[in-house]
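What's in model34.cif: mmCIF, C-alpha atoms
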data_upload
loop_
_atom_site.label_atom_id
_atom_site.label_comp_id
_atom_site.auth_asym_id
_atom_site.auth_seq_id
_atom_site.Cartn_x
_atom_site.Cartn_y
_atom_site.Cartn_z
CA MET A 1 83.04 -8.02 -14.64
CA ARG A 2 83.56 -9.35 -18.16
CA ASP A 3 81.10 -11.93 -19.43
CA THR A 4 83.42 -14.94 -19.48
CA ARG A 5 82.91 -18.61 -18.84
CA GLU A 6 84.44 -18.23 -15.36
CA SER A 7 82.09 -15.38 -14.40
CA ARG A 8 79.03 -17.38 -15.50
CA LEU A 9 80.22 -20.36 -13.41
CA LEU A 10 80.70 -18.06 -10.38
CA LEU A 11 77.14 -16.64 -10.78
CA VAL A 12 75.69 -20.14 -10.93
CA LEU A 13 77.68 -21.13 -7.84
CA LEU A 14 76.47 -18.08 -5.85
CA ILE A 15 72.82 -18.78 -6.80
CA ALA A 16 73.22 -22.40 -5.71
CA ILE A 17 74.71 -21.32 -2.36
CA ALA A 18 71.87 -18.86 -1.83
CA PHE A 19 69.24 -21.54 -2.46
CA ALA A 20 71.08 -23.87 -0.11
CA LEU A 21 71.09 -21.28 2.68
CA ILE A 22 67.37 -20.55 2.15
CA THR A 23 66.60 -24.29 2.35
CA VAL A 24 68.67 -24.72 5.54
CA ASP A 25 67.01 -21.65 7.10
CA ILE A 26 63.48 -22.86 6.32
CA ARG A 27 64.15 -26.38 7.63
CA GLY A 28 65.91 -25.08 10.75
CA GLY A 29 62.99 -22.93 11.88
CA GLU A 30 63.82 -21.10 15.14
CA ASP A 31 67.10 -23.12 15.47
CA SER A 32 68.27 -22.09 12.03
CA PRO A 33 72.13 -21.83 11.86
CA VAL A 34 71.81 -18.56 9.97
CA ASP A 35 69.56 -17.03 12.63
CA GLY A 36 72.56 -15.32 14.28
CA ALA A 37 73.63 -13.80 10.98
CA ARG A 38 70.08 -12.55 10.43
CA HIS A 39 70.05 -10.87 13.86
CA ALA A 40 73.43 -9.31 13.16
CA ALA A 41 72.19 -7.93 9.88
CA ALA A 42 69.12 -6.57 11.65
CA ALA A 43 71.32 -4.86 14.23
CA VAL A 44 73.32 -3.21 11.49
CA PHE A 45 70.56 -2.24 9.10
CA GLY A 46 67.72 -1.76 11.68
CA PRO A 47 68.58 1.83 12.70
CA ILE A 48 68.86 2.82 9.05
CA GLU A 49 65.46 1.26 8.21
CA ASN A 50 63.94 2.92 11.27
CA GLY A 51 65.21 6.33 10.23
CA VAL A 52 63.93 5.89 6.70
CA SER A 53 60.60 4.66 8.09
CA THR A 54 60.34 7.73 10.35
CA ALA A 55 60.94 10.00 7.41
CA VAL A 56 58.41 8.21 5.20
CA ASP A 57 55.69 7.49 7.82
CA PRO A 58 53.98 10.95 7.69
CA VAL A 59 53.52 10.62 3.94
CA GLY A 60 52.41 7.01 4.33
CA ASP A 61 50.00 7.96 7.08
CA ALA A 62 48.55 10.72 4.92
CA VAL A 63 48.10 8.36 1.96
CA GLN A 64 46.57 5.72 4.21
CA ALA A 65 44.27 8.30 5.75
CA ILE A 66 43.14 9.38 2.29
CA ARG A 67 42.54 5.78 1.30
CA GLU A 68 40.63 5.03 4.50
CA SER A 69 38.73 8.29 4.16
CA GLY A 70 37.73 7.35 0.67
CA THR A 71 36.82 3.86 1.83
CA ARG A 72 34.77 5.21 4.72
CA HIS A 73 33.10 7.72 2.42
CA ASP A 74 32.29 5.03 -0.11
CA ARG A 75 31.01 2.75 2.62
CA LEU A 76 28.90 5.53 4.14
CA ALA A 77 27.54 6.51 0.76
CA ARG A 78 26.76 2.89 -0.02
CA LEU A 79 25.02 2.39 3.32
CA GLU A 80 23.02 5.58 2.89
CA LYS A 81 22.01 4.45 -0.59
CA GLU A 82 21.06 1.00 0.68
CA ASN A 83 19.12 2.56 3.54
CA ALA A 84 17.23 4.84 1.18
CA ALA A 85 16.52 1.91 -1.14
CA LEU A 86 15.34 -0.17 1.81
CA LYS A 87 13.00 2.60 2.97
CA ALA A 88 11.68 2.97 -0.56
CA GLU A 89 11.23 -0.78 -0.78
CA LEU A 90 9.43 -0.91 2.54
CA GLY A 91 7.23 1.97 1.48
CA SER A 92 6.55 0.24 -1.78
CA ASP A 93 5.74 -2.96 0.08
CA ASP A 94 3.26 -1.11 2.30
CA ARG A 95 1.62 0.41 -0.74
CA ASN A 96 1.64 -2.88 -2.56
CA ARG A 97 0.07 -4.59 0.41
CA SER A 98 -2.66 -1.96 0.45
CA ARG A 99 -3.26 -2.35 -3.27
CA VAL A 100 -3.32 -6.14 -3.04
CA LYS A 101 -5.91 -5.80 -0.29
CA GLN A 102 -7.98 -3.46 -2.47
CA LEU A 103 -7.70 -5.82 -5.43
CA ASP A 104 -8.67 -8.83 -3.33
CA LYS A 105 -11.70 -7.01 -1.96
CA MET A 106 -12.76 -5.92 -5.45
CA LEU A 107 -12.41 -9.45 -6.81
CA ARG A 108 -14.59 -10.75 -3.98
CA THR A 109 -17.21 -8.14 -4.79
CA ALA A 110 -17.09 -9.06 -8.47
CA ALA A 111 -17.33 -12.76 -7.63
CA ASN A 112 -20.36 -12.22 -5.38
CA GLY A 113 -22.15 -10.34 -8.13
CA GLN A 114 -20.86 -12.55 -10.97
CA TYR A 115 -19.49 -9.46 -12.73
CA GLY A 116 -16.80 -9.83 -15.36
CA ILE A 117 -14.38 -6.98 -14.70
CA LYS A 118 -11.20 -5.43 -16.03
CA GLY A 119 -8.92 -4.12 -13.29
CA ALA A 120 -7.58 -0.58 -13.66
CA GLU A 121 -5.55 2.01 -11.80
CA VAL A 122 -6.63 5.60 -11.26
CA ILE A 123 -3.89 7.73 -12.81
CA ALA A 124 -5.42 11.21 -12.75
CA ILE A 125 -8.09 13.26 -11.00
CA GLY A 126 -10.28 15.67 -12.92
CA ALA A 127 -10.81 15.48 -16.64
CA ALA A 128 -10.67 17.49 -19.82
CA GLN A 129 -14.45 17.36 -20.33
CA GLY A 130 -15.12 19.87 -17.55
CA PHE A 131 -16.85 17.50 -15.16
CA SER A 132 -16.49 18.33 -11.49
CA TRP A 133 -15.88 14.80 -10.22
CA THR A 134 -14.01 12.56 -12.66
CA VAL A 135 -10.95 10.33 -12.73
CA THR A 136 -8.83 8.88 -15.50
CA ILE A 137 -8.01 5.17 -15.51
CA ASP A 138 -5.20 3.40 -17.35
CA ILE A 139 -7.27 1.14 -19.64
CA GLY A 140 -9.17 2.00 -22.80
CA SER A 141 -10.54 0.65 -26.06
CA ASN A 142 -7.48 -1.52 -26.60
CA ASP A 143 -8.54 -3.34 -23.42
CA GLY A 144 -12.16 -3.76 -24.47
CA ILE A 145 -13.51 -0.74 -22.57
CA LYS A 146 -16.56 1.04 -24.00
CA ARG A 147 -18.62 4.07 -23.08
CA ASP A 148 -21.34 3.61 -20.44
CA MET A 149 -19.77 0.72 -18.58
CA THR A 150 -20.22 0.43 -14.80
CA VAL A 151 -17.15 1.13 -12.64
CA LEU A 152 -16.83 -0.27 -9.13
CA ASN A 153 -14.27 -1.12 -6.48
CA GLY A 154 -14.24 -3.38 -3.45
CA ASP A 155 -16.58 -1.03 -1.55
CA GLY A 156 -19.26 -0.44 -4.16
CA LEU A 157 -20.32 1.81 -7.02
CA VAL A 158 -17.66 4.24 -8.27
CA GLY A 159 -19.24 5.62 -11.44
CA ARG A 160 -19.57 5.04 -15.17
CA VAL A 161 -17.26 5.35 -18.16
CA THR A 162 -17.98 8.49 -20.20
CA THR A 163 -15.04 8.83 -22.60
CA VAL A 164 -12.78 6.13 -23.99
CA GLY A 165 -9.36 6.50 -25.61
CA PRO A 166 -7.05 3.79 -26.89
CA ASN A 167 -5.26 3.34 -23.55
CA THR A 168 -7.16 5.47 -21.02
CA SER A 169 -10.76 6.22 -20.07
CA THR A 170 -12.62 8.91 -18.15
CA VAL A 171 -14.95 7.88 -15.34
CA LEU A 172 -17.75 10.14 -14.09
CA LEU A 173 -17.94 9.55 -10.35
CA ALA A 174 -21.21 8.79 -8.60
CA ASN A 175 -21.02 11.94 -6.48
CA ASP A 176 -20.90 14.27 -9.49
CA PRO A 177 -23.99 16.55 -9.75
CA ASP A 178 -24.54 15.31 -13.31
CA PHE A 179 -24.59 11.69 -12.19
CA THR A 180 -27.87 9.77 -11.76
CA VAL A 181 -28.38 6.06 -11.11
CA GLY A 182 -31.45 3.95 -10.45
CA THR A 183 -31.47 2.39 -6.99
CA ARG A 184 -33.33 -0.32 -5.11
CA MET A 185 -33.75 -0.54 -1.35
CA GLU A 186 -32.57 -3.69 0.36
CA SER A 187 -35.39 -6.03 1.41
CA THR A 188 -38.27 -3.62 0.65
CA ASP A 189 -37.31 -3.23 -3.05
CA GLU A 190 -38.40 0.42 -3.06
CA LEU A 191 -37.09 2.08 -6.23
CA GLY A 192 -35.56 5.50 -6.61
CA PHE A 193 -32.99 7.66 -8.37
CA ALA A 194 -29.74 8.75 -6.71
CA SER A 195 -27.95 11.94 -7.73
CA GLY A 196 -24.50 13.16 -6.77
CA GLN A 197 -23.94 16.21 -4.57
CA GLY A 198 -20.18 16.55 -4.58
CA ASP A 199 -18.74 16.03 -1.12
CA ARG A 200 -22.20 15.68 0.44
CA PRO A 201 -24.28 12.48 0.67
CA LEU A 202 -26.13 11.26 -2.40
CA ARG A 203 -29.68 12.57 -2.75
CA VAL A 204 -32.20 9.81 -3.51
CA GLU A 205 -35.79 10.37 -4.62
CA LEU A 206 -37.88 7.30 -3.83
CA LEU A 207 -40.76 6.78 -6.25
CA ASN A 208 -43.08 5.87 -3.39
CA GLY A 209 -43.80 8.96 -1.29
CA LYS A 210 -45.06 6.76 1.54
CA ALA A 211 -42.15 4.33 1.51
CA LYS A 212 -41.07 3.15 4.93
CA VAL A 213 -37.36 3.84 5.24
CA LYS A 214 -35.07 4.51 8.15
CA LYS A 215 -31.48 5.46 8.86
CA GLY A 216 -29.12 2.55 8.23
CA ASP A 217 -31.11 1.04 5.36
CA ARG A 218 -28.99 0.12 2.34
CA LEU A 219 -29.31 0.57 -1.41
CA VAL A 220 -27.96 -1.17 -4.53
CA THR A 221 -28.11 -0.29 -8.22
CA PHE A 222 -31.38 -1.22 -9.91
CA GLY A 223 -29.74 -1.83 -13.26
CA SER A 224 -30.29 -0.36 -16.72
CA GLN A 225 -31.75 -1.69 -19.92
CA ALA A 226 -29.16 -3.97 -21.54
CA ASP A 227 -27.04 -3.37 -18.40
CA LYS A 228 -25.77 -0.01 -19.66
CA PRO A 229 -24.70 2.19 -18.06
CA PHE A 230 -25.38 0.23 -14.86
CA VAL A 231 -25.47 -3.44 -13.97
CA PRO A 232 -27.77 -4.47 -11.10
CA GLY A 233 -26.84 -5.25 -7.52
CA VAL A 234 -23.80 -3.01 -7.03
CA PRO A 235 -23.76 -1.56 -3.47
CA VAL A 236 -24.48 2.18 -3.49
CA GLY A 237 -24.58 3.28 0.13
CA VAL A 238 -26.34 3.56 3.49
CA VAL A 239 -29.24 5.87 4.39
CA SER A 240 -27.95 8.63 6.66
CA ARG A 241 -31.01 10.92 6.78
CA VAL A 242 -34.68 10.73 5.86
CA ASP A 243 -36.77 13.79 5.09
CA PRO A 244 -40.20 13.83 6.73
CA SER A 245 -42.97 12.62 4.45
CA GLY A 246 -45.11 15.57 3.41
CA GLY A 247 -47.56 13.71 1.23
CA ASP A 248 -45.52 14.29 -1.92
CA LEU A 249 -45.43 11.82 -4.76
CA THR A 250 -41.77 11.03 -3.95
CA ARG A 251 -39.78 10.81 -0.75
CA THR A 252 -36.29 12.24 -0.31
CA ILE A 253 -33.54 10.42 1.54
CA TYR A 254 -29.80 11.00 1.80
CA VAL A 255 -27.29 8.21 1.36
CA THR A 256 -23.64 7.98 2.41
CA PRO A 257 -21.90 6.15 -0.45
CA TYR A 258 -19.79 3.08 0.21
CA ALA A 259 -16.99 4.21 -2.12
CA GLY A 260 -14.60 6.92 -0.96
CA PHE A 261 -14.33 9.16 -4.03
CA THR A 262 -11.34 11.13 -2.72
CA LYS A 263 -9.11 8.07 -2.23
CA LEU A 264 -9.64 5.90 -5.30
CA ASP A 265 -6.75 3.74 -6.47
CA ILE A 266 -7.73 0.30 -7.80
CA VAL A 267 -11.06 0.05 -9.63
CA GLY A 268 -12.78 -2.41 -11.95
CA VAL A 269 -14.76 -1.82 -15.12
CA VAL A 270 -17.63 -4.27 -15.60
CA VAL A 271 -17.15 -5.66 -19.10
CA GLU A 272 -19.57 -8.55 -18.63
CA ALA A 273 -22.91 -8.25 -16.81
CA PRO A 274 -24.19 -11.03 -14.53
CA ARG A 275 -26.58 -13.56 -16.05
CA LYS A 276 -29.14 -12.78 -13.37
CA ASP A 277 -29.71 -9.97 -10.90
CA PRO A 278 -27.58 -10.64 -7.79
CA ARG A 279 -30.11 -8.69 -5.73
CA ASP A 280 -28.63 -8.01 -2.26
CA THR A 281 -25.89 -10.66 -2.27
CA VAL A 282 -23.12 -8.17 -3.01
CA LEU A 283 -23.88 -5.99 0.01
CA PRO A 284 -21.34 -6.32 2.83
CA PRO A 285 -22.41 -8.10 6.01
CA LYS A 286 -24.40 -5.88 8.33
CA PRO A 287 -22.44 -4.70 11.37
CA LYS A 288 -23.43 -6.48 14.54
CA PRO A 289 -25.18 -4.19 17.05
CA THR A 290 -23.18 -3.33 20.12
CA PRO A 291 -24.83 -4.90 23.17
CA THR A 292 -26.09 -2.41 25.73
CA PRO A 293 -24.83 -3.24 29.24
CA THR A 294 -27.55 -3.69 31.86
CA VAL A 295 -27.17 -2.79 35.53
CA THR A 296 -29.23 -4.56 38.19
CA VAL A 297 -29.92 -2.54 41.34
CA THR A 298 -31.12 -4.34 44.50
CA VAL A 299 -33.19 -2.19 46.86
CA THR A 300 -33.52 -3.30 50.51
CA PRO A 301 -36.76 -2.01 52.09
CA SER A 302 -36.22 0.00 55.26
CA ALA A 303 -38.23 -0.39 58.57
CA PRO A 304 -41.41 1.74 58.75
CA VAL A 305 -41.12 4.95 60.77
CA PRO A 306 -44.09 6.04 63.00
CA ALA A 307 -45.64 9.43 62.70
CA ASP A 308 -43.94 10.75 65.89
CA GLY A 309 -40.52 10.00 64.41
CA GLN A 310 -39.63 7.47 67.13
CA PRO A 311 -38.54 4.03 65.91
CA GLN A 312 -40.83 1.17 66.75
CA GLU A 313 -39.72 -1.43 69.26
CA GLN A 314 -39.12 -4.89 67.86
#
Could you show the structure in this file as structure tokens?
Amino acid sequence: MRDTRESRLLLVLLIAIAFALITVDIRGGEDSPVDGARHAAAAVFGPIENGVSTAVDPVGDAVQAIRESGTRHDRLARLEKENAALKAELGSDDRNRSRVKQLDKMLRTAANGQYGIKGAEVIAIGAAQGFSWTVTIDIGSNDGIKRDMTVLNGDGLVGRVTTVGPNTSTVLLANDPDFTVGTRMESTDELGFASGQGDRPLRVELLNGKAKVKKGDRLVTFGSQADKPFVPGVPVGVVSRVDPSGGDLTRTIYVTPYAGFTKLDIVGVVVEAPRKDPRDTVLPPKPKPTPTPTVTVTVTPSAPVPADGQPQEQ
């Protein structure tokens, strides 16, 4: 068709008619006057659309399957990732809860002894200096740490600082054979020197060979001159065995330390000593003795039996 004025008028007229039919159809709803024409068109073109749909459906199904497969894969991967992250988060929460508990216990210990401490994390076991029992902590001279400072945790004495770097320090543990600390017995004030024995209890030589000591007695640090390397009053351990007194000048006892040297995590370095000796105030409460159950037995006396074995008449 040539682009003339008449053709443009015809196009405008057809568009207007189409809009009019659409408007009538929308307003008519189910009673639309063009509904019959629509059904007729469907009857004519339906079989053709159905045939085309049948030919295309396998390809469409395959595409849809690929899309859904990808969606399912993405969803599965996302869920697996979220599950792994959740497990990691839960694990982290458990560990964090444990560390918060350790920190809280250590802060209580420091508060009881009036120790000024710097908290630290154990980041390595064993050291470059050749010591048998050492750990590396993540604070150093930049944090105010110096050689021969006392190290403790919420349970008690851990050791002393031996080497200090800018950001890390080495701690000689109290169970190392080269470790020695002055001790004082709870209540009796008997003095001694504790030495490490690796994975065995600490060996303590009491200065008084006739000192009265028993299993279950407890010891704290005696303290050093100028509080280095040890501040006073830090819990050391509990007496687990006492050697018989043989009349020697000293008496040997064995002490199970409070601190677990194979499971250290959060520790504190004492950067400020207490103004006065805390004595026994830092020791944990003594465990209450388990009551021993008592059994009462009632015995009913039996009737006397004569010598001939015959029962007496009543």
Evaluate the PyMOL selection byres ((chain A and resi 103) around 12) against this structure - the residues, as a list in words, please. Asn96, Arg97, Ser98, Arg99, Val100, Lys101, Gln102, Asp104, Lys105, Met106, Leu107, Arg108, Thr109, Ala110, Ile117, Lys118, Gly119, Ala120, Glu121, Leu152, Asn153, Gly154, Asp155, Leu264, Asp265, Ile266, Val267 and Gly268 of chain A
In Å and to one decimal, atom CA of Asn142 of chain A is distant from atom CA of Val271 of chain A by 12.9 Å
Give me, as a tab-separated table, each residue of segment 96-178 of chain A that comes within 8 Å of segment 190-204 of chain A, together with its shortest interatomic pair and the distance in Å at one decimal, counting all atoms listed in the file, with rows ordered by chain and rising residue number.
residue	atom	partner	partner_atom	distance
A:Trp133	CA	A:Gly198	CA	7.3
A:Ala174	CA	A:Gly196	CA	5.8
A:Asn175	CA	A:Gly196	CA	3.7
A:Asp176	CA	A:Gly196	CA	4.6
A:Pro177	CA	A:Gly196	CA	4.5
A:Asp178	CA	A:Gly196	CA	6.9
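You will find atom CA of Pro284 of chain A at 8.3 Å from atom CA of Pro235 of chain A.
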Given the PyMOL selection byres ((chain A and resi 224-230) around 7), the residues it picks as a PyMOL selection string: chain A and resi 148-150+160+222-223+231-232+273
Which residues match the PyMOL selection byres ((chain A and resi 275) around 10) in the file above, as a ChimeraX atom specification? /A:113-115,272-274,276-278
(message) One decimal, in Å: what's the spacing between atom CA of Val238 of chain A and atom CA of Tyr254 of chain A?
(response)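 A separation of 8.4 Å between them.
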Leu283 of chain A proximity check over A:Arg218, A:Arg251, A:Lys210, A:Arg147, using only C-alpha atoms: winner is A:Arg218
Enclosing box along x, y and z for every listed atom of segment 96-104 of chain A, padded 5 Å each side, centre and size in Å, one decimal, as lines of an AutoDock Vina configuration file:
center_x = -3.5
center_y = -5.4
center_z = -2.5
size_x = 20.3
size_y = 16.9
size_z = 15.9
